[in-house]
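What follows is protein.txt (compact mmCIF, C-alpha atoms).
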```
# COMPACT_ATOMS: atom_id res chain seq x y z
CA MET A 1 4.25 21.13 -24.05
CA ARG A 2 0.82 21.29 -22.38
CA SER A 3 0.67 23.07 -19.02
CA PRO A 4 0.22 21.01 -15.82
CA GLY A 5 -3.07 22.83 -15.16
CA THR A 6 -4.54 21.79 -18.48
CA ASP A 7 -3.30 18.25 -18.03
CA ARG A 8 -4.87 18.06 -14.57
CA ALA A 9 -8.20 19.30 -15.95
CA LEU A 10 -8.10 16.59 -18.64
CA SER A 11 -7.22 13.96 -16.04
CA ILE A 12 -10.09 15.07 -13.79
CA GLY A 13 -12.51 14.92 -16.72
CA ALA A 14 -11.45 11.38 -17.63
CA THR A 15 -11.69 10.28 -13.99
CA VAL A 16 -15.19 11.67 -13.47
CA LEU A 17 -16.46 9.97 -16.63
CA PHE A 18 -14.80 6.65 -15.85
CA SER A 19 -16.00 6.56 -12.24
CA PHE A 20 -19.50 7.54 -13.43
CA ALA A 21 -19.58 4.43 -15.64
CA LEU A 22 -18.13 2.29 -12.86
CA GLY A 23 -20.61 3.59 -10.31
CA THR A 24 -23.46 2.83 -12.69
CA LEU A 25 -22.26 -0.75 -13.09
CA GLY A 26 -22.07 -1.12 -9.31
CA VAL A 27 -25.81 -0.49 -9.09
CA VAL A 28 -27.01 -2.13 -12.31
CA VAL A 29 -25.08 -5.43 -12.18
CA PRO A 30 -26.71 -6.86 -9.01
CA LEU A 31 -30.14 -5.45 -9.87
CA LEU A 32 -30.03 -6.81 -13.40
CA ALA A 33 -28.76 -10.21 -12.28
CA ILE A 34 -31.47 -10.61 -9.64
CA GLY A 35 -34.09 -9.29 -12.06
CA VAL A 36 -33.38 -11.95 -14.69
CA GLY A 37 -33.44 -14.75 -12.12
CA TYR A 38 -29.85 -15.46 -11.09
CA SER A 39 -29.42 -16.72 -7.53
CA ALA A 40 -27.62 -14.84 -4.78
CA PRO A 41 -24.54 -17.14 -4.98
CA GLU A 42 -24.36 -16.55 -8.74
CA VAL A 43 -24.52 -12.80 -8.22
CA GLY A 44 -21.78 -13.07 -5.63
CA LEU A 45 -19.63 -15.04 -8.05
CA MET A 46 -20.11 -12.41 -10.76
CA VAL A 47 -19.01 -9.63 -8.43
CA ALA A 48 -16.02 -11.71 -7.27
CA LEU A 49 -14.90 -12.19 -10.88
CA ALA A 50 -14.30 -8.45 -11.21
CA ALA A 51 -12.20 -8.49 -8.03
CA VAL A 52 -10.16 -11.45 -9.31
CA SER A 53 -9.37 -9.86 -12.68
CA GLN A 54 -8.53 -6.58 -10.95
CA LEU A 55 -6.13 -8.32 -8.57
CA VAL A 56 -4.40 -10.30 -11.33
CA THR A 57 -4.04 -7.24 -13.57
CA ARG A 58 -2.53 -5.15 -10.78
CA LEU A 59 0.16 -7.78 -10.23
CA PHE A 60 1.61 -6.98 -13.66
CA MET A 61 1.11 -3.21 -13.71
CA GLY A 62 4.55 -2.32 -12.38
CA ALA A 63 6.30 -4.17 -15.20
CA LEU A 64 3.81 -3.01 -17.83
CA MET A 65 4.40 0.66 -17.06
CA ARG A 66 8.03 0.22 -18.07
CA ARG A 67 6.85 -0.75 -21.55
CA VAL A 68 3.61 1.17 -22.15
CA PRO A 69 2.86 4.89 -21.43
CA ASP A 70 0.33 5.48 -18.64
CA LYS A 71 -1.96 7.47 -20.95
CA ALA A 72 -2.28 4.39 -23.19
CA PHE A 73 -3.63 2.42 -20.21
CA LEU A 74 -6.08 5.23 -19.47
CA VAL A 75 -7.43 5.21 -23.01
CA GLY A 76 -7.61 1.42 -23.08
CA SER A 77 -9.38 1.18 -19.73
CA ALA A 78 -11.97 3.76 -20.81
CA VAL A 79 -12.77 1.64 -23.87
CA MET A 80 -12.88 -1.51 -21.73
CA ILE A 81 -15.40 -0.08 -19.23
CA ALA A 82 -17.59 0.94 -22.18
CA VAL A 83 -17.36 -2.59 -23.59
CA SER A 84 -18.33 -4.02 -20.20
CA CYS A 85 -21.49 -1.89 -20.21
CA VAL A 86 -22.36 -2.71 -23.82
CA LEU A 87 -22.07 -6.46 -23.21
CA LEU A 88 -24.65 -6.33 -20.43
CA ALA A 89 -26.95 -4.11 -22.48
CA LEU A 90 -26.89 -6.67 -25.29
CA SER A 91 -27.40 -9.90 -23.35
CA ASP A 92 -28.17 -11.24 -19.88
CA ALA A 93 -26.62 -14.67 -20.53
CA LEU A 94 -24.41 -15.95 -17.72
CA VAL A 95 -21.29 -16.11 -19.89
CA ILE A 96 -21.83 -12.49 -20.96
CA PHE A 97 -22.18 -11.42 -17.34
CA ALA A 98 -18.93 -13.22 -16.53
CA VAL A 99 -17.00 -11.68 -19.43
CA SER A 100 -18.37 -8.23 -18.61
CA GLN A 101 -17.21 -8.52 -15.00
CA LEU A 102 -13.76 -9.73 -15.99
CA VAL A 103 -13.37 -6.81 -18.40
CA GLN A 104 -14.62 -4.38 -15.75
CA GLY A 105 -12.15 -5.61 -13.14
CA SER A 106 -9.17 -5.29 -15.49
CA ALA A 107 -10.33 -1.84 -16.58
CA ARG A 108 -10.45 -0.69 -12.95
CA ALA A 109 -6.91 -1.93 -12.28
CA LEU A 110 -5.52 -0.29 -15.41
CA PHE A 111 -7.29 3.01 -14.89
CA TRP A 112 -6.69 3.61 -11.19
CA THR A 113 -3.04 2.56 -11.18
CA SER A 114 -2.15 4.59 -14.26
CA SER A 115 -4.24 7.64 -13.27
CA GLN A 116 -2.58 7.77 -9.86
CA THR A 117 0.85 7.36 -11.43
CA HIS A 118 0.19 10.12 -13.94
CA ALA A 119 -1.15 12.43 -11.23
CA VAL A 120 1.83 12.12 -8.88
CA ARG A 121 4.31 12.63 -11.74
CA MET A 122 2.53 15.80 -12.90
CA SER A 123 1.98 17.32 -9.44
CA ALA A 124 4.25 19.26 -7.11
CA THR A 125 3.39 16.83 -4.30
CA SER A 126 2.15 13.28 -4.50
CA VAL A 127 -0.68 13.83 -2.01
CA GLY A 128 -1.90 16.84 -4.02
CA GLY A 129 -2.11 14.80 -7.21
CA LEU A 130 -3.83 11.89 -5.49
CA THR A 131 -6.32 14.19 -3.78
CA ALA A 132 -7.42 15.54 -7.17
CA VAL A 133 -7.87 12.00 -8.53
CA ASN A 134 -9.88 10.82 -5.52
CA LEU A 135 -12.13 13.88 -5.43
CA ALA A 136 -12.89 13.48 -9.15
CA ALA A 137 -13.55 9.78 -8.63
CA GLY A 138 -15.88 10.59 -5.76
CA VAL A 139 -17.93 12.97 -7.88
CA GLY A 140 -18.40 10.35 -10.58
CA ALA A 141 -19.18 7.66 -8.02
CA LEU A 142 -21.98 9.82 -6.60
CA LEU A 143 -23.48 10.84 -9.94
CA GLY A 144 -23.39 7.37 -11.53
CA PRO A 145 -25.55 5.45 -9.05
CA ALA A 146 -27.99 8.34 -8.63
CA LEU A 147 -28.67 8.65 -12.35
CA ALA A 148 -28.68 4.85 -12.80
CA GLY A 149 -31.56 4.48 -10.35
CA TYR A 150 -33.54 7.16 -12.17
CA LEU A 151 -32.89 5.73 -15.65
CA TRP A 152 -33.63 2.20 -14.45
CA GLU A 153 -37.29 3.17 -14.04
CA ALA A 154 -37.50 3.75 -17.81
CA SER A 155 -35.46 0.79 -19.01
CA ALA A 156 -32.94 -1.65 -17.56
CA ALA A 157 -30.67 -1.15 -20.58
CA LEU A 158 -30.79 2.67 -20.55
CA PRO A 159 -28.35 3.25 -17.65
CA LEU A 160 -25.93 0.83 -19.30
CA VAL A 161 -26.09 2.73 -22.57
CA VAL A 162 -25.46 6.03 -20.80
CA ALA A 163 -22.59 4.50 -18.81
CA ALA A 164 -21.05 3.07 -22.00
CA ALA A 165 -21.18 6.52 -23.59
CA ALA A 166 -19.53 8.06 -20.52
CA GLY A 167 -16.81 5.40 -20.53
CA ALA A 168 -16.10 5.89 -24.21
CA ALA A 169 -16.05 9.66 -23.74
CA ALA A 170 -13.40 9.26 -21.02
CA ALA A 171 -10.99 8.06 -23.70
CA ILE A 172 -10.98 11.54 -25.30
CA PRO A 173 -9.43 13.56 -22.45
CA ALA A 174 -7.20 10.58 -21.62
CA ALA A 175 -5.79 10.61 -25.15
CA LEU A 176 -5.00 14.33 -24.82
CA LEU A 177 -2.89 13.94 -21.67
CA VAL A 178 0.83 14.64 -21.70
CA ARG A 179 2.79 11.60 -22.76
CA LEU A 180 5.21 10.99 -19.90
CA PRO A 181 8.42 8.99 -20.36
CA LEU A 182 8.33 5.30 -19.59
CA PHE A 183 9.68 4.24 -16.23
CA ALA A 184 13.28 3.09 -16.33
CA PRO A 185 14.03 -0.65 -16.27
CA GLU A 186 13.94 -2.12 -12.79
CA LYS A 187 17.70 -2.65 -12.64
CA SER A 188 18.18 1.07 -13.32
CA ALA A 189 15.71 2.34 -10.73
CA GLY A 190 18.29 2.47 -7.97
CA GLY A 191 16.20 0.69 -5.36
CA MET A 192 15.08 -2.72 -4.23
CA LYS A 193 13.16 -5.29 -6.22
CA ALA A 194 9.48 -4.37 -6.60
CA GLY A 195 8.43 -7.50 -4.72
CA ARG A 196 10.33 -6.26 -1.62
CA LEU A 197 9.18 -2.65 -1.65
CA TRP A 198 6.77 -3.38 1.20
CA ARG A 199 9.75 -3.79 3.57
CA ARG A 200 10.39 -0.06 3.63
CA PRO A 201 8.77 1.57 6.70
CA GLY A 202 6.61 4.06 4.81
CA VAL A 203 5.51 1.55 2.17
CA GLY A 204 4.50 -0.96 4.80
CA ALA A 205 2.32 1.65 6.50
CA ALA A 206 0.82 2.61 3.13
CA CYS A 207 -0.10 -1.02 2.47
CA TRP A 208 -1.93 -1.24 5.78
CA MET A 209 -3.79 1.95 4.91
CA ASN A 210 -4.83 0.68 1.50
CA ALA A 211 -5.93 -2.61 3.03
CA GLY A 212 -8.16 -0.71 5.45
CA ALA A 213 -9.65 1.37 2.63
CA GLY A 214 -10.31 -1.75 0.55
CA ALA A 215 -11.95 -3.58 3.44
CA TRP A 216 -14.18 -0.56 4.16
CA LYS A 217 -15.29 -0.27 0.53
CA SER A 218 -16.02 -3.98 0.34
CA LEU A 219 -18.18 -3.88 3.45
CA LEU A 220 -19.97 -0.69 2.41
CA ASP A 221 -21.01 -2.36 -0.85
CA SER A 222 -22.12 -5.60 0.80
CA TYR A 223 -22.78 -6.12 4.50
CA VAL A 224 -23.50 -2.55 5.58
CA PRO A 225 -26.69 -2.41 3.44
CA VAL A 226 -27.62 -5.86 4.73
CA ALA A 227 -27.22 -4.74 8.35
CA LEU A 228 -29.31 -1.65 7.70
CA SER A 229 -32.01 -3.70 6.00
CA LEU A 230 -32.14 -6.26 8.82
CA ALA A 231 -32.46 -3.37 11.28
CA GLY A 232 -35.65 -2.27 9.53
CA GLN A 233 -34.41 0.62 7.39
CA SER A 234 -36.21 1.19 4.08
CA VAL A 235 -34.47 0.97 0.71
CA ALA A 236 -34.69 4.74 0.33
CA VAL A 237 -33.05 5.35 3.70
CA ILE A 238 -30.35 2.79 2.97
CA GLY A 239 -29.56 4.53 -0.29
CA ILE A 240 -29.29 7.89 1.46
CA LEU A 241 -27.03 6.48 4.17
CA ILE A 242 -24.68 4.87 1.63
CA SER A 243 -24.54 8.15 -0.29
CA ILE A 244 -23.70 9.98 2.93
CA ALA A 245 -20.82 7.57 3.54
CA ASN A 246 -19.49 8.08 0.00
CA THR A 247 -19.75 11.85 0.40
CA ALA A 248 -17.75 11.65 3.62
CA VAL A 249 -14.97 9.96 1.64
CA LEU A 250 -14.58 13.20 -0.31
CA ALA A 251 -14.10 15.11 2.93
CA GLY A 252 -11.43 12.66 4.02
CA SER A 253 -9.65 12.94 0.69
CA ALA A 254 -9.78 16.75 0.87
CA ALA A 255 -8.14 16.62 4.30
CA GLY A 256 -5.37 14.39 2.99
CA SER A 257 -2.86 17.13 2.21
CA TRP A 258 -3.16 18.62 5.71
CA LEU A 259 -2.87 15.27 7.46
CA ARG A 260 0.04 14.13 5.28
CA ARG A 261 2.07 17.03 6.65
CA LYS A 262 1.55 15.63 10.16
CA GLY A 263 3.56 12.54 9.26
CA VAL A 264 3.13 8.84 8.55
CA ARG A 265 2.15 7.89 12.10
CA ALA A 266 -0.60 10.49 12.38
CA SER A 267 -2.02 9.55 8.97
CA LEU A 268 -1.97 5.82 9.70
CA VAL A 269 -3.51 6.04 13.16
CA THR A 270 -6.13 8.68 12.32
CA GLY A 271 -7.30 6.96 9.14
CA LEU A 272 -7.50 3.44 10.54
CA LEU A 273 -9.10 4.43 13.84
CA ALA A 274 -11.78 6.56 12.17
CA THR A 275 -12.52 3.91 9.54
CA GLY A 276 -12.64 0.99 11.95
CA ALA A 277 -14.43 2.73 14.83
CA GLY A 278 -17.10 4.21 12.57
CA LEU A 279 -17.70 0.89 10.86
CA ALA A 280 -17.81 -0.98 14.18
CA ALA A 281 -20.47 1.43 15.46
CA ALA A 282 -22.54 1.29 12.26
CA GLY A 283 -23.65 -2.29 12.87
CA PRO A 284 -25.09 -1.93 16.41
CA LEU A 285 -26.54 1.51 15.53
CA ALA A 286 -28.12 0.38 12.23
CA GLY A 287 -31.64 0.63 13.65
CA VAL A 288 -31.29 4.36 14.35
CA ALA A 289 -30.83 6.16 11.04
CA ALA A 290 -29.31 9.36 12.47
CA ALA A 291 -26.81 7.46 14.62
CA ALA A 292 -25.90 5.16 11.74
CA ALA A 293 -25.34 8.22 9.54
CA VAL A 294 -22.88 9.70 12.06
CA ALA A 295 -21.01 6.39 12.26
CA LEU A 296 -20.81 6.09 8.48
CA VAL A 297 -19.61 9.69 8.16
CA ILE A 298 -16.76 8.99 10.58
CA SER A 299 -15.80 5.79 8.76
CA GLY A 300 -16.08 7.50 5.37
CA ILE A 301 -13.76 10.32 6.40
CA GLY A 302 -11.27 7.73 7.63
CA ALA A 303 -11.49 5.77 4.38
CA GLY A 304 -10.93 8.96 2.36
CA ILE A 305 -7.78 9.64 4.38
CA LEU A 306 -6.53 6.09 3.89
CA GLN A 307 -7.05 5.93 0.13
CA THR A 308 -5.48 9.35 -0.46
CA VAL A 309 -2.61 9.52 2.01
CA GLY A 310 -1.63 5.85 1.86
CA PRO A 311 -0.46 5.82 -1.79
CA ALA A 312 1.10 9.28 -1.29
CA ILE A 313 3.23 7.97 1.56
CA ALA A 314 4.31 5.04 -0.59
CA VAL A 315 5.47 7.12 -3.57
CA ASP A 316 7.28 9.56 -1.26
CA GLU A 317 9.41 6.71 0.06
CA VAL A 318 10.74 5.28 -3.21
CA HIS A 319 12.90 6.31 -6.13
CA PRO A 320 10.93 8.26 -8.77
CA GLU A 321 11.37 5.39 -11.24
CA GLU A 322 9.74 3.00 -8.76
CA ARG A 323 6.52 4.96 -8.42
CA GLY A 324 4.68 2.72 -10.86
CA ASP A 325 5.80 -0.37 -8.93
CA VAL A 326 4.78 0.97 -5.55
CA LEU A 327 1.35 2.19 -6.71
CA ALA A 328 0.77 -1.21 -8.31
CA LEU A 329 1.77 -2.80 -5.00
CA THR A 330 -0.54 -0.69 -2.83
CA GLY A 331 -3.33 -1.16 -5.38
CA THR A 332 -2.83 -4.94 -5.24
CA VAL A 333 -3.18 -4.83 -1.46
CA ARG A 334 -6.42 -2.87 -1.80
CA ALA A 335 -7.75 -5.30 -4.42
CA SER A 336 -6.87 -8.22 -2.14
CA ALA A 337 -8.84 -6.64 0.71
CA LEU A 338 -11.77 -6.07 -1.64
CA PHE A 339 -11.71 -9.75 -2.57
CA PHE A 340 -11.04 -11.45 0.78
CA THR A 341 -13.07 -9.30 3.19
CA PRO A 342 -16.48 -10.65 2.08
CA PHE A 343 -15.22 -14.22 2.59
CA GLY A 344 -14.17 -13.43 6.15
CA MET A 345 -17.51 -11.80 6.82
CA ALA A 346 -19.32 -14.81 5.36
CA LEU A 347 -17.63 -16.96 8.00
CA LEU A 348 -18.44 -14.51 10.78
CA VAL A 349 -22.14 -14.24 9.96
CA THR A 350 -22.50 -18.01 10.26
CA VAL A 351 -21.83 -17.71 14.00
CA ALA A 352 -22.90 -14.13 14.79
CA PRO A 353 -25.49 -11.55 13.69
CA VAL A 354 -24.48 -9.23 10.87
CA ALA A 355 -24.33 -6.23 13.21
CA ALA A 356 -21.93 -8.07 15.52
CA ALA A 357 -19.84 -9.21 12.55
CA LEU A 358 -19.51 -5.60 11.38
CA LEU A 359 -18.42 -4.59 14.88
CA ALA A 360 -15.75 -7.29 14.80
CA ALA A 361 -14.60 -6.25 11.31
CA GLY A 362 -14.29 -2.63 12.44
CA VAL A 363 -12.15 -3.65 15.39
CA VAL A 364 -9.88 -5.70 13.12
CA ILE A 365 -9.40 -2.70 10.81
CA THR A 366 -8.20 -0.59 13.75
CA LEU A 367 -5.61 -3.12 14.93
CA PRO A 368 -2.74 -1.97 12.64
CA ALA A 369 -3.11 1.49 14.19
CA ALA A 370 -1.89 0.02 17.48
CA CYS A 371 1.30 -0.95 15.67
CA GLY A 372 1.70 2.50 14.12
CA VAL A 373 4.92 3.21 16.00
CA ARG A 374 6.53 0.04 14.70
CA HIS A 375 5.50 0.72 11.09
CA THR A 376 6.80 4.28 11.13
CA GLU A 377 9.83 4.13 13.38
CA GLY A 378 12.13 4.42 10.35
CA ARG A 379 10.63 7.82 9.50
CA ALA A 380 10.48 9.00 13.09
CA ALA A 381 14.22 8.45 13.46
CA SER A 382 14.97 11.50 11.33
CA PRO A 383 13.78 15.04 12.02
CA ARG A 384 11.00 16.27 9.79
CA GLY A 385 12.37 18.17 6.82
CA ALA A 386 15.74 16.37 6.82
CA ALA A 387 15.81 15.36 3.20
CA THR A 388 18.59 13.13 2.08
CA THR A 389 21.29 14.46 -0.18
CA GLY A 390 23.54 12.78 -2.67
CA PRO A 391 22.68 9.49 -4.38
CA PHE A 392 19.29 7.95 -3.74
CA HIS A 393 19.24 5.40 -0.94
CA PRO A 394 16.28 3.01 -0.76
CA PHE A 395 15.91 3.25 3.02
CA ALA A 396 16.38 7.01 3.29
CA THR A 397 13.76 9.00 5.20
CA ARG A 398 12.22 11.62 2.92
CA THR A 399 9.53 14.22 3.33
CA PRO A 400 6.82 14.98 0.75
CA GLU A 401 8.63 18.18 -0.11
CA SER A 402 11.92 16.39 -0.74
CA SER A 403 10.15 13.99 -3.11
CA ARG A 404 9.08 16.64 -5.60
CA GLU A 405 10.38 16.19 -9.07
CA GLU A 406 9.76 17.73 -12.39
CA GLY A 407 7.44 14.93 -13.61
CA ILE A 408 8.52 15.32 -17.26
CA ARG A 409 12.19 14.72 -17.74
```
Once more with this new file: its structure as structure tokens, please.
Amino acid sequence: MRSPGTDRALSIGATVLFSFALGTLGVVVPLLAIGVGYSAPEVGLMVALAAVSQLVTRLFMGALMRRVPDKAFLVGSAVMIAVSCVLLALSDALVIFAVSQLVQGSARALFWTSSQTHAVRMSATSVGGLTAVNLAAGVGALLGPALAGYLWEASAALPLVVAAAAGAAAAIPAALLVRLPLFAPEKSAGGMKAGRLWRRPGVGAACWMNAGAGAWKSLLDSYVPVALSLAGQSVAVIGILISIANTAVLAGSAAGSWLRRKGVRASLVTGLLATGAGLAAAGPLAGVAAAAAVALVISGIGAGILQTVGPAIAVDEVHPEERGDVLALTGTVRASALFFTPFGMALLVTVAPVAAALLAAGVVITLPAACGVRHTEGRAASPRGAATTGPFHPFATRTPESSREEGIR
């Protein structure tokens, strides 16, 4: 049996390659669409299609992981992201754009849910496994857009070809991962129905955290660049500022293990306040590059905390056989935020400037932090370190340490 260290290295390699391809698509899709003459509403529809297919796919992931090994989803999603790139390299027809985006969205749902599930089952602690996944994803997300912009100068198709090769290459380390047992049937998991997992105190907090991370990512990829542009920043400066924000996410993810040990309440409040406050300040400060950079760093650190610690909290609160369900649930919440946030902003900007709308969105993101006590009171009722003994109880308060399991049974 392959060692956990080797398996983690393979998982990191697959994640970097996949996120590289995904990051490339994030830059190339809107540029290519505008370049061939599609209108702004059409471009928006294409981007929304990926969010829709991601959301729908995540809804079924919990059940699918009881029938198909997670490594099979990783291999399949790597092939799918390569296909998405190849389709765009071959044709700029509207139907091809649509199909490519649908394939991309499903690939994202399959990859991130299964990679997170594999990581937490192979790691001593859930937050440690998720930190490795998010750091690897961050590296790929930084390299992909940077190289895409350089290759774009030579040919519009070239970055797509490179991204397709990276996506296809991700299937190799994914195929070499340890084949973990399928999750037990839902009736044997020992807990509640997957659709009611959110009622558990820790899972509810995790959902709020993932919603905040999804909203932040959606705004960073849409209205933050618009606000910076309207404030007079050049394209080069905007690119640097967005890269700074994405780099800050890595710092937040790296701090996840330390903050997780402080408890659910501290993680929830710190992550949401940093994300929302930084984002709220970014709009009014968009005209001053240095000040905007500081605001985006703060929000990026918060988002890194949310997307790393949130899922870790969720898997620590459920039966080991429900980990696939709960990661699918938190991922669905994130995908929903990715999809609905731009629509809310579209309504806001009809009555207020973009900078003011960003301020309002940042304030909204911080609101769940004010309810942090209510969301975590179930955990606070038991002293830290008081792991439950005996049969698993779905409402038991458990620490990260008490949730460790062997991963391969």
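Here atom CA of A:Val56 is placed at a distance of 9.2 Å from atom CA of A:Ala335.
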(message) I want to know what sits within 10 Å of stretch 130-141 of chain A, based on only C-alpha atoms, with residues of the same chain fewer than 4 positions away left out; could you give that as a PyMOL selection string?
(response) chain A and resi 8-9+11-24+26+112+115-120+123+125-126+145-146+243+246-257+304-305+307-312
(request) Excluding A:Ala346 and any residue of its chain fewer than 5 positions from it, enumerate the residues within 10 Å of it, using only C-alpha atoms, and give them as a list of chain:residue names. (result)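 That gives A:Tyr223, A:Thr341, A:Val351, A:Val354, A:Ala357.
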Any chance you could work out the axis-aligned box around stretch 45-58 of chain A, listed atoms only, 4 Å on each side, giving centre and edge lengths in Å to one decimal, as JSON?
```
{"center_x": -11.3, "center_y": -10.1, "center_z": -10.4, "size_x": 25.6, "size_y": 17.9, "size_z": 14.3}
```
(message) Taking (-28.2, -1.5, 7.5) as a centre in this file's frame and 10 Å as the limit, can you find every polymer residue with an atom that close, using all atoms listed in the file, and give them as number ranges by chain?
(response) A: 220, 222-235, 237-239, 241-242, 282-289, 292, 354-355
(request) Compile the contact shell of A:Ile365 as a PyMOL selection string: residues with an atom at most 12 Å away, counting all atoms listed in the file, same-chain residues fewer than 3 positions apart removed. (result) chain A and resi 208-216+219+268-280+299+302-303+306+337+341+358-362+368-371
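If you look at atom CA of A:Asp325 and atom CA of A:Met61, they are 7.3 Å away from each other.
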(message) Which residues are close to A:Met80, i.e. within 7 Å by all atoms listed in the file, leaving aside same-chain residues fewer than 4 positions away? Reply as JSON, numbers by chain.
(response) {"A": [76, 84, 103, 104, 107]}
(request) Kindly give the distance, in Å, that separates atom CA of A:Gly5 and atom CA of A:Pro173, rounded to a single decimal. (result)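 Those two atoms sit 13.4 Å apart.
Residue nearest A:Pro342 within the list A:Val27, A:Lys217, A:Arg58, A:Leu180: A:Lys217 [criterion: smallest interatomic distance, all atoms listed in the file].
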(request) Name the closest residue to A:Gln54 among the candidates A:Val315, A:Leu10, A:Ala236, A:Leu338; distances are taken between atoms, counting all atoms listed in the file. (result) A:Leu338
(request) Determine the nearest neighbour of A:Trp152 from the options A:Val29, A:Ala98, A:Val363, A:Met345, counting all atoms listed in the file. (result) A:Val29
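Using all atoms listed in the file, the protein and nucleic acid residues lying at most 7 Å from the point (-27.5, -1.2, -17.5) are A:Leu25, A:Val28, A:Cys85, A:Leu88, A:Ala89, A:Ala156, A:Ala157, A:Leu158, A:Pro159, A:Leu160, A:Val161.
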(message) I'd like to know which of A:Ser218, A:Ser77, A:Thr350, A:Thr57 is closest to A:Leu329, using all atoms listed in the file.
(response)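 For A:Leu329, the nearest of the given residues is A:Thr57.
Proximity to A:Gly300 was assessed for A:Ile244, A:Val264, A:Arg196, A:Val349 counting all atoms listed in the file; the smallest distance is recorded for A:Ile244.
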